[in-house]
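So this block is work-v3.csv, CSV, C-alpha atoms:
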```
chain,number,residue,atom,x,y,z
A,418,MET,CA,0.0,0.0,0.0
A,419,LYS,CA,1.3,3.4,-0.9
A,420,PRO,CA,1.9,5.4,2.3
A,421,ARG,CA,-0.1,8.4,1.1
A,422,PHE,CA,-3.1,6.2,0.5
A,423,ALA,CA,-2.4,4.6,3.9
A,424,ILE,CA,-2.7,7.9,5.6
A,425,ARG,CA,-5.9,8.7,3.8
A,426,LEU,CA,-7.2,5.3,4.8
A,427,ALA,CA,-6.2,5.8,8.4
A,428,SER,CA,-8.0,9.2,8.5
A,429,ALA,CA,-11.1,7.6,6.9
A,430,MET,CA,-11.1,4.8,9.4
A,431,PHE,CA,-11.0,7.3,12.3
A,432,ALA,CA,-13.8,9.3,10.8
A,433,LEU,CA,-15.8,6.2,10.1
A,434,SER,CA,-15.3,4.9,13.6
A,435,LEU,CA,-16.6,8.1,15.1
A,436,VAL,CA,-19.7,8.0,12.9
A,437,ALA,CA,-20.3,4.3,13.4
A,438,MET,CA,-19.7,4.4,17.2
A,439,PRO,CA,-23.4,4.7,18.2
A,440,VAL,CA,-24.3,1.8,15.9
A,441,PHE,CA,-21.8,-0.5,17.4
A,442,THR,CA,-22.1,0.6,21.0
A,443,ILE,CA,-23.5,-2.4,22.7
A,444,THR,CA,-24.6,-0.4,25.7
A,445,ALA,CA,-23.9,2.9,27.1
A,446,ARG,CA,-20.9,3.9,29.3
A,447,ALA,CA,-19.6,1.1,31.5
A,448,ALA,CA,-16.5,-0.3,33.0
A,449,ASP,CA,-16.2,2.2,35.8
A,450,LYS,CA,-16.7,-0.4,38.5
A,451,ILE,CA,-14.7,-3.6,38.2
A,452,ASP,CA,-17.1,-6.5,38.5
A,453,PRO,CA,-15.8,-9.7,36.8
A,454,GLU,CA,-18.8,-11.8,37.7
A,455,ALA,CA,-21.2,-9.3,36.2
A,456,ASP,CA,-19.0,-9.0,33.1
A,457,LYS,CA,-19.0,-12.7,32.7
A,458,LYS,CA,-22.7,-13.0,32.9
A,459,ALA,CA,-23.3,-10.1,30.4
A,460,PHE,CA,-20.6,-11.5,28.1
A,461,GLN,CA,-22.1,-15.0,28.0
A,462,LYS,CA,-25.7,-13.6,27.7
A,463,PHE,CA,-24.7,-11.5,24.7
A,464,PHE,CA,-23.4,-14.5,22.8
A,465,THR,CA,-26.1,-17.0,23.7
A,466,GLU,CA,-28.7,-14.4,22.7
A,467,LYS,CA,-26.9,-13.6,19.5
A,468,PHE,CA,-26.7,-17.3,18.5
A,469,PRO,CA,-29.8,-18.8,20.2
A,470,LYS,CA,-29.6,-22.1,18.3
A,471,LEU,CA,-26.1,-22.9,19.6
A,472,LYS,CA,-25.6,-25.0,22.7
A,473,PRO,CA,-23.3,-23.2,25.1
A,474,GLU,CA,-20.6,-25.8,24.8
A,475,ASP,CA,-20.5,-25.3,21.0
A,476,PHE,CA,-19.0,-21.9,21.2
A,477,VAL,CA,-15.6,-23.5,21.9
A,478,ASN,CA,-15.5,-24.8,18.3
A,479,GLY,CA,-15.1,-21.2,17.0
A,480,PRO,CA,-16.0,-20.8,13.3
A,481,TYR,CA,-17.1,-24.4,13.1
A,482,SER,CA,-20.0,-23.6,15.4
A,483,MET,CA,-21.2,-20.8,13.1
A,484,ASN,CA,-23.0,-22.8,10.4
A,485,GLU,CA,-23.9,-26.3,9.5
A,486,ASP,CA,-21.6,-26.7,6.6
A,487,LEU,CA,-18.6,-25.6,8.6
A,488,HIS,CA,-19.6,-27.9,11.4
A,489,LYS,CA,-19.6,-30.9,9.0
A,490,GLN,CA,-16.1,-29.9,7.9
A,491,TRP,CA,-15.0,-29.9,11.5
A,492,GLU,CA,-16.5,-33.3,12.1
A,493,GLU,CA,-14.7,-34.7,9.1
A,494,LYS,CA,-11.4,-33.0,10.2
A,495,GLU,CA,-11.7,-34.6,13.6
A,496,GLN,CA,-11.5,-38.1,12.0
A,497,PHE,CA,-7.9,-37.4,11.2
A,498,PRO,CA,-7.1,-34.3,13.1
A,499,PRO,CA,-4.2,-32.2,11.8
A,500,TYR,CA,-3.0,-31.5,15.4
A,501,GLU,CA,-2.4,-35.2,16.1
A,502,PHE,CA,1.4,-35.2,15.3
A,503,SER,CA,1.9,-32.2,17.6
A,504,LEU,CA,-0.2,-33.9,20.3
A,505,GLU,CA,1.9,-37.1,20.2
A,506,ALA,CA,5.1,-35.1,20.2
A,507,GLY,CA,3.8,-33.1,23.2
A,508,LYS,CA,3.0,-36.3,25.2
A,509,GLU,CA,6.5,-37.6,24.5
A,510,MET,CA,8.2,-34.4,25.4
A,511,PHE,CA,6.1,-34.0,28.6
A,512,SER,CA,7.2,-37.4,29.9
A,513,ARG,CA,10.8,-37.1,28.9
A,514,PRO,CA,13.0,-36.1,32.0
A,515,PHE,CA,15.2,-33.0,32.0
A,516,LYS,CA,18.9,-33.4,32.2
A,517,ASN,CA,18.7,-33.1,36.0
A,518,GLY,CA,16.3,-36.0,36.1
A,519,LYS,CA,13.2,-34.0,37.0
A,520,SER,CA,10.3,-33.4,34.6
A,521,TYR,CA,7.4,-31.1,33.8
A,522,ALA,CA,5.2,-33.1,36.1
A,523,ASP,CA,7.3,-31.9,39.1
A,524,CYS,CA,6.4,-28.3,38.3
A,525,PHE,CA,2.6,-28.6,38.3
A,526,GLN,CA,-0.3,-29.7,40.5
A,527,ASN,CA,-1.6,-33.2,39.8
A,528,GLN,CA,1.7,-33.8,37.8
A,529,GLY,CA,0.3,-31.5,35.1
A,530,ILE,CA,-2.5,-33.7,34.1
A,531,GLY,CA,-6.0,-32.2,33.7
A,532,ILE,CA,-5.1,-28.7,34.9
A,533,ARG,CA,-5.3,-26.6,31.7
A,534,GLN,CA,-8.7,-25.2,32.8
A,535,ASN,CA,-7.0,-23.5,35.7
A,536,TYR,CA,-4.7,-21.4,33.5
A,537,PRO,CA,-4.0,-18.5,33.5
A,538,TYR,CA,-4.0,-17.8,37.2
A,539,PHE,CA,-3.0,-14.7,39.2
A,540,ASP,CA,0.1,-15.3,41.2
A,541,GLU,CA,-0.1,-13.3,44.4
A,542,LYS,CA,3.6,-13.6,45.1
A,543,ASP,CA,4.6,-12.3,41.7
A,544,GLY,CA,1.6,-9.9,41.5
A,545,LYS,CA,1.1,-11.0,37.9
A,546,VAL,CA,-0.8,-13.3,35.7
A,547,ILE,CA,0.8,-16.6,34.9
A,548,THR,CA,-0.2,-18.4,31.7
A,549,LEU,CA,0.4,-22.0,31.0
A,550,GLU,CA,3.0,-21.1,28.3
A,551,LEU,CA,4.8,-19.0,30.8
A,552,ALA,CA,4.7,-21.6,33.5
A,553,LEU,CA,6.1,-24.2,31.1
A,554,ASN,CA,9.1,-22.1,30.3
A,555,ARG,CA,9.6,-21.2,33.9
A,556,CYS,CA,9.6,-24.9,34.7
A,557,ARG,CA,12.2,-25.5,32.0
A,558,GLU,CA,14.4,-22.6,33.2
A,559,ALA,CA,14.1,-23.7,36.9
A,560,ASN,CA,15.5,-27.1,35.8
A,561,GLY,CA,18.4,-25.7,33.7
A,562,GLU,CA,16.7,-26.0,30.3
A,563,ALA,CA,16.5,-23.3,27.7
A,564,PRO,CA,13.1,-21.8,27.2
A,565,PHE,CA,11.1,-22.6,24.1
A,566,SER,CA,9.7,-20.0,21.6
A,567,TYR,CA,6.2,-19.0,22.8
A,568,VAL,CA,4.5,-19.2,19.5
A,569,LYS,CA,4.7,-22.7,18.0
A,570,ASP,CA,6.5,-26.0,17.7
A,571,GLU,CA,7.6,-27.4,21.1
A,572,MET,CA,5.4,-24.9,23.1
A,573,ALA,CA,2.4,-25.7,20.9
A,574,ALA,CA,3.1,-29.5,21.3
A,575,LEU,CA,3.4,-29.3,25.1
A,576,THR,CA,0.3,-27.1,25.6
A,577,ALA,CA,-1.6,-29.4,23.1
A,578,TYR,CA,-0.9,-32.4,25.3
A,579,MET,CA,-1.8,-30.6,28.5
A,580,ALA,CA,-5.1,-29.2,26.9
A,581,PHE,CA,-5.9,-32.7,25.7
A,582,THR,CA,-5.7,-34.1,29.3
A,583,SER,CA,-8.3,-31.4,30.3
A,584,ARG,CA,-10.7,-31.9,27.4
A,585,GLY,CA,-14.3,-31.4,28.6
A,586,LYS,CA,-13.3,-29.8,31.9
A,587,PRO,CA,-14.9,-26.3,32.2
A,588,PHE,CA,-12.7,-23.2,32.4
A,589,ASP,CA,-12.3,-22.4,36.1
A,590,ILE,CA,-10.3,-19.1,36.2
A,591,LYS,CA,-10.1,-17.5,39.7
A,592,ILE,CA,-9.7,-13.9,40.5
A,593,PRO,CA,-8.4,-13.7,44.1
A,594,ASN,CA,-9.4,-10.9,46.4
A,595,ASP,CA,-6.4,-8.9,45.6
A,596,PRO,CA,-6.6,-5.4,44.0
A,597,ARG,CA,-3.7,-6.3,41.7
A,598,ALA,CA,-5.6,-9.3,40.3
A,599,LEU,CA,-8.6,-7.1,39.6
A,600,GLU,CA,-6.4,-4.5,38.0
A,601,ALA,CA,-4.8,-7.2,35.7
A,602,TYR,CA,-8.3,-8.4,34.8
A,603,GLN,CA,-9.4,-4.8,34.0
A,604,LYS,CA,-6.4,-4.1,32.0
A,605,GLY,CA,-7.0,-7.3,30.0
A,606,LYS,CA,-10.6,-6.1,29.3
A,607,GLU,CA,-9.3,-2.7,28.3
A,608,TYR,CA,-6.9,-4.3,25.8
A,609,PHE,CA,-9.7,-6.5,24.4
A,610,TYR,CA,-11.9,-3.5,23.6
A,611,THR,CA,-9.2,-1.0,22.6
A,612,ARG,CA,-8.9,-0.2,18.9
A,613,ARG,CA,-5.3,-0.4,17.6
A,614,GLY,CA,-3.3,-0.7,14.4
A,615,GLN,CA,-3.8,1.3,11.2
A,616,LEU,CA,-7.0,-0.6,10.5
A,617,ASN,CA,-8.4,0.7,13.8
A,618,PHE,CA,-9.7,-2.6,15.0
A,619,SER,CA,-10.1,-3.9,18.5
A,620,CYS,CA,-10.3,-7.6,19.3
A,621,ALA,CA,-14.0,-7.0,19.8
A,622,THR,CA,-14.5,-5.5,16.3
A,623,CYS,CA,-14.1,-9.0,14.9
A,624,HIS,CA,-15.0,-11.3,17.8
A,625,VAL,CA,-17.9,-9.4,19.4
A,626,GLN,CA,-19.4,-7.3,16.6
A,627,SER,CA,-18.9,-9.8,13.7
A,628,PRO,CA,-18.7,-13.4,14.7
A,629,GLY,CA,-20.0,-15.7,12.0
A,630,GLU,CA,-19.3,-13.0,9.4
A,631,ARG,CA,-16.5,-13.3,6.9
A,632,ILE,CA,-13.4,-11.3,6.8
A,633,ARG,CA,-12.0,-12.2,3.4
A,634,ALA,CA,-12.3,-16.0,3.2
A,635,GLU,CA,-12.3,-16.5,7.0
A,636,VAL,CA,-15.3,-16.9,9.2
A,637,LEU,CA,-14.8,-15.0,12.4
A,638,ALA,CA,-15.0,-16.9,15.7
A,639,PRO,CA,-17.0,-15.6,18.7
A,640,ALA,CA,-15.0,-14.3,21.6
A,641,LEU,CA,-16.8,-16.6,23.9
A,642,GLY,CA,-14.8,-19.8,24.2
A,643,ILE,CA,-12.2,-18.6,21.8
A,644,LEU,CA,-9.2,-19.7,24.0
A,645,ASN,CA,-10.7,-23.1,25.0
A,646,ALA,CA,-9.4,-24.7,21.8
A,647,MET,CA,-5.8,-23.5,22.2
A,648,PRO,CA,-3.4,-24.4,20.9
A,649,ILE,CA,-4.7,-24.8,17.3
A,650,TYR,CA,-3.6,-26.2,14.0
A,651,ARG,CA,-4.4,-23.5,11.4
A,652,SER,CA,-4.4,-24.3,7.8
A,653,GLU,CA,-3.5,-20.7,7.1
A,654,TRP,CA,-0.3,-21.2,9.2
A,655,SER,CA,0.3,-24.7,7.9
A,656,GLY,CA,1.1,-25.6,11.4
A,657,MET,CA,0.4,-25.3,15.1
A,658,GLY,CA,0.1,-22.1,17.0
A,659,THR,CA,-0.2,-21.1,20.6
A,660,THR,CA,-2.3,-18.4,22.2
A,661,SER,CA,0.7,-16.1,22.0
A,662,ARG,CA,0.8,-16.7,18.2
A,663,ARG,CA,-2.9,-15.9,17.9
A,664,PHE,CA,-2.5,-12.6,19.8
A,665,THR,CA,0.6,-11.5,17.9
A,666,THR,CA,-0.8,-12.3,14.5
A,667,CYS,CA,-4.1,-10.6,15.2
A,668,ASN,CA,-2.1,-7.5,16.0
A,669,SER,CA,-0.1,-7.6,12.8
A,670,GLN,CA,-3.1,-8.4,10.7
A,671,ILE,CA,-4.6,-5.0,11.7
A,672,ARG,CA,-1.3,-3.3,11.0
A,673,GLY,CA,-0.3,-2.9,14.6
A,674,VAL,CA,3.3,-3.8,15.7
A,675,PRO,CA,2.8,-6.9,17.9
A,676,LEU,CA,4.1,-6.8,21.5
A,677,THR,CA,6.5,-9.5,22.7
A,678,PRO,CA,4.8,-12.8,23.5
A,679,GLN,CA,3.9,-13.0,27.2
A,680,ASP,CA,4.2,-9.2,27.7
A,681,ASP,CA,1.9,-8.1,30.6
A,682,GLU,CA,-0.7,-6.9,28.1
A,683,TYR,CA,-1.1,-10.3,26.5
A,684,ARG,CA,-1.1,-12.1,29.9
A,685,ASN,CA,-3.8,-9.8,31.1
A,686,LEU,CA,-5.8,-10.2,27.9
A,687,GLU,CA,-5.7,-14.0,28.3
A,688,TYR,CA,-6.8,-13.7,31.9
A,689,TYR,CA,-9.8,-11.6,31.0
A,690,LEU,CA,-10.8,-13.7,28.0
A,691,SER,CA,-10.5,-17.0,29.9
A,692,TYR,CA,-12.4,-15.7,32.9
A,693,VAL,CA,-15.4,-14.6,30.8
A,694,SER,CA,-15.4,-18.1,29.3
A,695,ASN,CA,-15.6,-19.8,32.7
A,696,GLY,CA,-17.8,-22.8,32.5
A,697,MET,CA,-17.1,-23.5,28.8
A,698,PRO,CA,-15.3,-26.8,28.3
A,699,ILE,CA,-11.7,-27.0,27.2
A,700,SER,CA,-11.6,-28.4,23.7
A,701,GLY,CA,-7.9,-28.0,22.8
A,702,PRO,CA,-6.0,-28.8,20.8
A,703,GLY,CA,-8.2,-27.5,18.0
A,704,ALA,CA,-8.1,-27.1,14.3
A,705,ARG,CA,-9.1,-23.9,12.4
A,706,PRO,CA,-9.2,-23.0,8.7
B,216,MET,CA,13.6,47.2,-19.1
B,217,SER,CA,11.1,47.8,-16.4
B,218,ILE,CA,9.5,44.5,-17.1
B,219,VAL,CA,12.7,42.4,-16.7
B,220,LYS,CA,12.8,42.7,-12.9
B,221,PRO,CA,9.3,41.5,-12.2
B,222,LEU,CA,9.8,38.7,-14.7
B,223,LEU,CA,12.9,37.5,-12.9
B,224,VAL,CA,11.2,37.6,-9.6
B,225,SER,CA,8.3,35.6,-11.0
B,226,MET,CA,10.6,33.0,-12.4
B,227,LEU,CA,12.4,32.6,-9.1
B,228,LEU,CA,9.1,32.2,-7.3
B,229,ILE,CA,7.9,29.6,-9.7
B,230,ALA,CA,11.2,27.7,-9.6
B,231,SER,CA,11.6,27.7,-5.8
B,232,PRO,CA,9.0,25.0,-4.9
B,233,ALA,CA,10.6,22.7,-7.4
B,234,LEU,CA,14.0,22.9,-5.7
B,235,ALA,CA,15.2,19.4,-4.8
B,236,ALA,CA,15.0,18.4,-1.2
B,237,SER,CA,18.4,18.3,0.5
B,238,GLU,CA,19.9,15.7,2.8
B,239,ALA,CA,19.4,18.1,5.7
B,240,ASP,CA,15.6,18.4,4.9
B,241,PHE,CA,15.4,14.6,4.9
B,242,LYS,CA,17.3,14.2,8.1
B,243,ALA,CA,15.1,16.7,9.9
B,244,ALA,CA,11.9,15.0,8.7
B,245,TYR,CA,13.2,11.6,9.5
B,246,ALA,CA,14.2,12.6,13.0
B,247,ALA,CA,10.7,14.0,13.6
B,248,ALA,CA,9.1,10.8,12.3
B,249,GLU,CA,11.3,8.7,14.5
B,250,ALA,CA,10.5,10.8,17.5
B,251,ALA,CA,6.8,10.4,16.9
B,252,ASN,CA,7.1,6.7,16.4
B,253,LYS,CA,9.1,6.4,19.6
B,254,GLU,CA,6.3,8.2,21.4
B,255,ALA,CA,3.8,5.7,19.9
B,256,GLY,CA,6.0,2.9,21.2
B,257,SER,CA,5.8,4.3,24.7
B,258,LEU,CA,2.0,4.1,24.3
B,259,ARG,CA,2.4,0.5,23.1
B,260,ASN,CA,0.7,1.4,19.9
B,261,GLN,CA,3.1,1.5,16.9
B,262,TRP,CA,1.8,0.7,13.4
B,263,THR,CA,3.5,-1.6,11.0
B,264,THR,CA,3.0,0.9,8.2
B,265,THR,CA,5.0,3.6,10.1
B,266,ALA,CA,7.9,1.2,10.3
B,267,SER,CA,7.7,0.3,6.6
B,268,THR,CA,7.4,3.9,5.6
B,269,LEU,CA,10.4,4.9,7.7
B,270,ALA,CA,12.3,2.0,6.0
B,271,ALA,CA,11.3,3.3,2.6
B,272,ALA,CA,12.5,6.8,3.5
B,273,LYS,CA,15.8,5.5,4.6
B,274,LYS,CA,16.2,3.4,1.5
B,275,ALA,CA,15.5,6.4,-0.8
B,276,ALA,CA,18.0,8.5,1.1
B,277,ASP,CA,20.6,5.8,0.9
B,278,GLY,CA,20.1,5.9,-2.9
B,279,GLY,CA,20.5,9.7,-2.9
B,280,ASP,CA,16.8,10.3,-3.8
B,281,PHE,CA,16.1,13.0,-1.2
B,282,ASP,CA,12.8,14.1,-2.7
B,283,THR,CA,11.3,10.6,-2.2
B,284,ALA,CA,13.1,10.3,1.1
B,285,LEU,CA,11.6,13.5,2.4
B,286,ALA,CA,8.1,12.6,1.2
B,287,ARG,CA,8.2,9.1,2.9
B,288,ALA,CA,9.6,10.6,6.1
B,289,THR,CA,6.8,13.1,6.2
B,290,GLU,CA,4.3,10.4,5.6
B,291,ALA,CA,5.8,8.3,8.4
B,292,GLU,CA,5.5,11.1,10.8
B,293,ALA,CA,1.8,11.5,9.9
B,294,LEU,CA,1.2,7.8,10.4
B,295,ALA,CA,3.0,7.9,13.8
B,296,LYS,CA,1.0,10.9,14.9
B,297,ALA,CA,-2.2,9.1,13.9
B,298,SER,CA,-1.2,6.1,16.0
B,299,ILE,CA,-0.6,8.4,19.0
B,300,TYR,CA,-4.0,10.0,18.5
B,301,GLN,CA,-5.6,6.6,18.4
B,302,ALA,CA,-3.9,5.4,21.6
B,303,THR,CA,-4.8,8.6,23.4
B,304,SER,CA,-8.4,8.8,22.3
B,305,GLU,CA,-8.9,5.0,23.0
B,306,LYS,CA,-8.0,5.5,26.7
B,307,GLU,CA,-11.7,6.3,27.3
B,308,ARG,CA,-13.4,5.3,24.1
B,309,TRP,CA,-12.9,1.6,24.6
B,310,LYS,CA,-15.6,1.6,27.2
B,311,ASP,CA,-18.2,2.5,24.6
B,312,MET,CA,-17.7,-0.9,23.0
B,313,GLU,CA,-18.0,-3.0,26.2
B,314,ILE,CA,-20.6,-5.6,26.6
B,315,ARG,CA,-22.7,-4.8,29.6
```
What does this structure look like when you write it as structure tokens?
Amino acid sequence: MKPRFAIRLASAMFALSLVAMPVFTITARAADKIDPEADKKAFQKFFTEKFPKLKPEDFVNGPYSMNEDLHKQWEEKEQFPPYEFSLEAGKEMFSRPFKNGKSYADCFQNQGIGIRQNYPYFDEKDGKVITLELALNRCREANGEAPFSYVKDEMAALTAYMAFTSRGKPFDIKIPNDPRALEAYQKGKEYFYTRRGQLNFSCATCHVQSPGERIRAEVLAPALGILNAMPIYRSEWSGMGTTSRRFTTCNSQIRGVPLTPQDDEYRNLEYYLSYVSNGMPISGPGARP
Amino acid sequence: MSIVKPLLVSMLLIASPALAASEADFKAAYAAAEAANKEAGSLRNQWTTTASTLAAAKKAADGGDFDTALARATEAEALAKASIYQATSEKERWKDMEIR
């Protein structure tokens, strides 16, 4: 795109967003009081009313829940799921001991089995949100191993295996009675609704205002349950990707410079999005077009 | 004879906007664009197009084409300023989109 045109486009997008604001405003001013439980109820109500034919647990199938044809495609894909190689690799990696003889199981509750639904959590000692990806790399480093890239390959394989052991368990994200936890949640919410990038999109522009609609060839997933299927095999990526990959590519697709994976903003965003999907079953690893 | 002086002045006025941009012009515009993009970075809201336009400005300057370099640097500054405006205005506007 020619820069001059880009500037005009940016200006037009701002003008359009100002004009369109009342149309897209879901309700009037909000967010002055931090009330995660009320947010969760409103969030889930919004989506279940928008898609009244969907069973609540279907939302975790993303675009495949949006129409019958896509759902058939998903059922066929699940016969020979494209994430299977990664899942098997993850299982093998998870059980292989580190050089010091310890393993991932030593770093997690219940030896790491069936715990995906509890991540991310707020660590009151650190005063920050801890995601599963972050916990896995911290486990590696604590045992003298080099951390993995957060976006794909080994990290995707490990989280695929851990998600698989939690399949069907409902998201159970806790917000402790700690003002720092509430602040992290609120910052995650702010990130979710904040427009960014030259295209002037927020996460909500696609995943609240337009789920089920197409953006080019893709059908947009609803925000409700969007992280339950992570990590995912995406045909567009020709491979697996983690939640970190999803967040950073979303940013670059709207012409925003992505932050570094596991920066505070992304951790808070994951905390918010997971919390408002509490009760929705873990379905990862998933597959997406 | 009396017509020669105004004619010369007119020719100079017409010619002046077409004067080629200098390296100094480019450097000043590039520094301004970089400063604005740095500010956008401090707001955690840089745009990919600002970076690519800055790179295009640098490439043109490296090739000695300071007209193009100046134009790209000026555009990069405008993009960076738009991203700063976006980040600043969104500090409150995000609430309008929230599900309640």
Which chain B residues have any atom within 7 Å of an atom of chain A, and for each, what is the nearest pair of atoms with distance in Å to one decimal, counting all atoms listed in the file, rows sorted by chain and number, as a Markdown table?
```
| residue | atom | partner | partner_atom | distance |
| --- | --- | --- | --- | --- |
| B:Asn260 | CA | A:Arg613 | CA | 6.7 |
| B:Gln261 | CA | A:Val674 | CA | 5.4 |
| B:Trp262 | CA | A:Gly673 | CA | 4.3 |
| B:Thr263 | CA | A:Arg672 | CA | 5.1 |
| B:Thr264 | CA | A:Arg672 | CA | 6.6 |
| B:Thr268 | CA | A:Pro420 | CA | 6.6 |
| B:Glu290 | CA | A:Pro420 | CA | 6.5 |
| B:Leu294 | CA | A:Ile424 | CA | 6.2 |
| B:Glu305 | CA | A:Thr611 | CA | 6.0 |
| B:Trp309 | CA | A:Thr611 | CA | 4.9 |
| B:Lys310 | CA | A:Ala447 | CA | 5.9 |
| B:Asp311 | CA | A:Arg446 | CA | 5.6 |
| B:Met312 | CA | A:Thr442 | CA | 5.1 |
| B:Glu313 | CA | A:Ile443 | CA | 6.5 |
| B:Ile314 | CA | A:Ile443 | CA | 5.8 |
| B:Arg315 | CA | A:Ala459 | CA | 5.4 |
```
Exercise for the section: Grab the atom CA of Asn535 of chain A to atom CA of Trp491 of chain A distance for me, in Å with one decimal place. Expected result: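 Atom-to-atom, atom CA of Asn535 of chain A to atom CA of Trp491 of chain A, that is 26.3 Å.
What separates atom CA of Glu653 of chain A from atom CA of Pro702 of chain A is a distance of 16.1 Å.
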Practice task
May I have the residues within 8 Å of Leu258 of chain B as a list in words, using only C-alpha atoms and disregarding those fewer than 3 positions away in the same chain?
Solution key: Glu254, Ala255, Gln261, Ile299 and Ala302 of chain B
Fill in the blank from the handout: Computed gap from atom CA of Arg533 of chain A to atom CA of Asp452 of chain A is 24.3 Å
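Excluding segment 633-640 of chain A itself and same-chain residues fewer than 5 positions from it, the residues having an atom within 6 Å of it are Gly479, Pro480, His624 and Pro628 of chain A, counting only C-alpha atoms.
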Problem - Within-8 Å shell of (-14.9, -26.3, 34.9) in input frame, only C-alpha atoms, as a list in words - result: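 Returned residue set, sorted by chain then number, is Gln534, Lys586, Pro587, Phe588, Asp589, Asn695, Gly696, Met697 and Pro698 of chain A.
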Create the file for the chosen residues now, containing C-alpha atoms and written as a PDB file, keeping the file's coordinate frame.
```
ATOM      1  CA  GLN A 534      -8.700 -25.200  32.800  1.00  0.00           C
ATOM      2  CA  LYS A 586     -13.300 -29.800  31.900  1.00  0.00           C
ATOM      3  CA  PRO A 587     -14.900 -26.300  32.200  1.00  0.00           C
ATOM      4  CA  PHE A 588     -12.700 -23.200  32.400  1.00  0.00           C
ATOM      5  CA  ASP A 589     -12.300 -22.400  36.100  1.00  0.00           C
ATOM      6  CA  ASN A 695     -15.600 -19.800  32.700  1.00  0.00           C
ATOM      7  CA  GLY A 696     -17.800 -22.800  32.500  1.00  0.00           C
ATOM      8  CA  MET A 697     -17.100 -23.500  28.800  1.00  0.00           C
ATOM      9  CA  PRO A 698     -15.300 -26.800  28.300  1.00  0.00           C
TER      10      PRO A 698
END
```
Problem - Counting all atoms listed in the file, the residue of A:Gly629, A:Glu541, A:Tyr692, A:Arg513 that sits nearest Lys467 of chain A - result: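 Closest candidate: A:Gly629.
Considering the residues B:Ala271, B:Ala291, B:Ala251, B:Ala284 and counting only C-alpha atoms, Ala239 of chain B has its shortest atom-to-atom contact with B:Ala284.
Proximity to Gly658 of chain A was assessed for A:Asn527, A:Ser583, A:Phe515, A:Ala704 counting all atoms listed in the file; the smallest distance is recorded for A:Ala704.
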Ala244 of chain B: which residues within 10 Å, counting all atoms listed in the file, same-chain residues fewer than 3 positions away excluded, as a tab-separated table (two decimals) with C-alpha atoms, keeping the file's coordinate frame?
```tsv
chain	number	residue	atom	x	y	z
B	238	GLU	CA	19.90	15.70	2.80
B	239	ALA	CA	19.40	18.10	5.70
B	240	ASP	CA	15.60	18.40	4.90
B	241	PHE	CA	15.40	14.60	4.90
B	247	ALA	CA	10.70	14.00	13.60
B	248	ALA	CA	9.10	10.80	12.30
B	249	GLU	CA	11.30	8.70	14.50
B	250	ALA	CA	10.50	10.80	17.50
B	272	ALA	CA	12.50	6.80	3.50
B	284	ALA	CA	13.10	10.30	1.10
B	285	LEU	CA	11.60	13.50	2.40
B	286	ALA	CA	8.10	12.60	1.20
B	287	ARG	CA	8.20	9.10	2.90
B	288	ALA	CA	9.60	10.60	6.10
B	289	THR	CA	6.80	13.10	6.20
B	290	GLU	CA	4.30	10.40	5.60
B	291	ALA	CA	5.80	8.30	8.40
B	292	GLU	CA	5.50	11.10	10.80
```
Quick one: residues within 6 Å of Cys524 of chain A, all atoms listed in the file, excluding same-chain residues fewer than 2 positions away - as a short mmCIF file (atom, residue, chain, number, x, y, z; two decimals) with C-alpha atoms, in the coordinates of the input?
```cif
data_model
loop_
_atom_site.label_atom_id
_atom_site.label_comp_id
_atom_site.auth_asym_id
_atom_site.auth_seq_id
_atom_site.Cartn_x
_atom_site.Cartn_y
_atom_site.Cartn_z
CA TYR A 521 7.40 -31.10 33.80
CA ALA A 522 5.20 -33.10 36.10
CA CYS A 556 9.60 -24.90 34.70
#
```
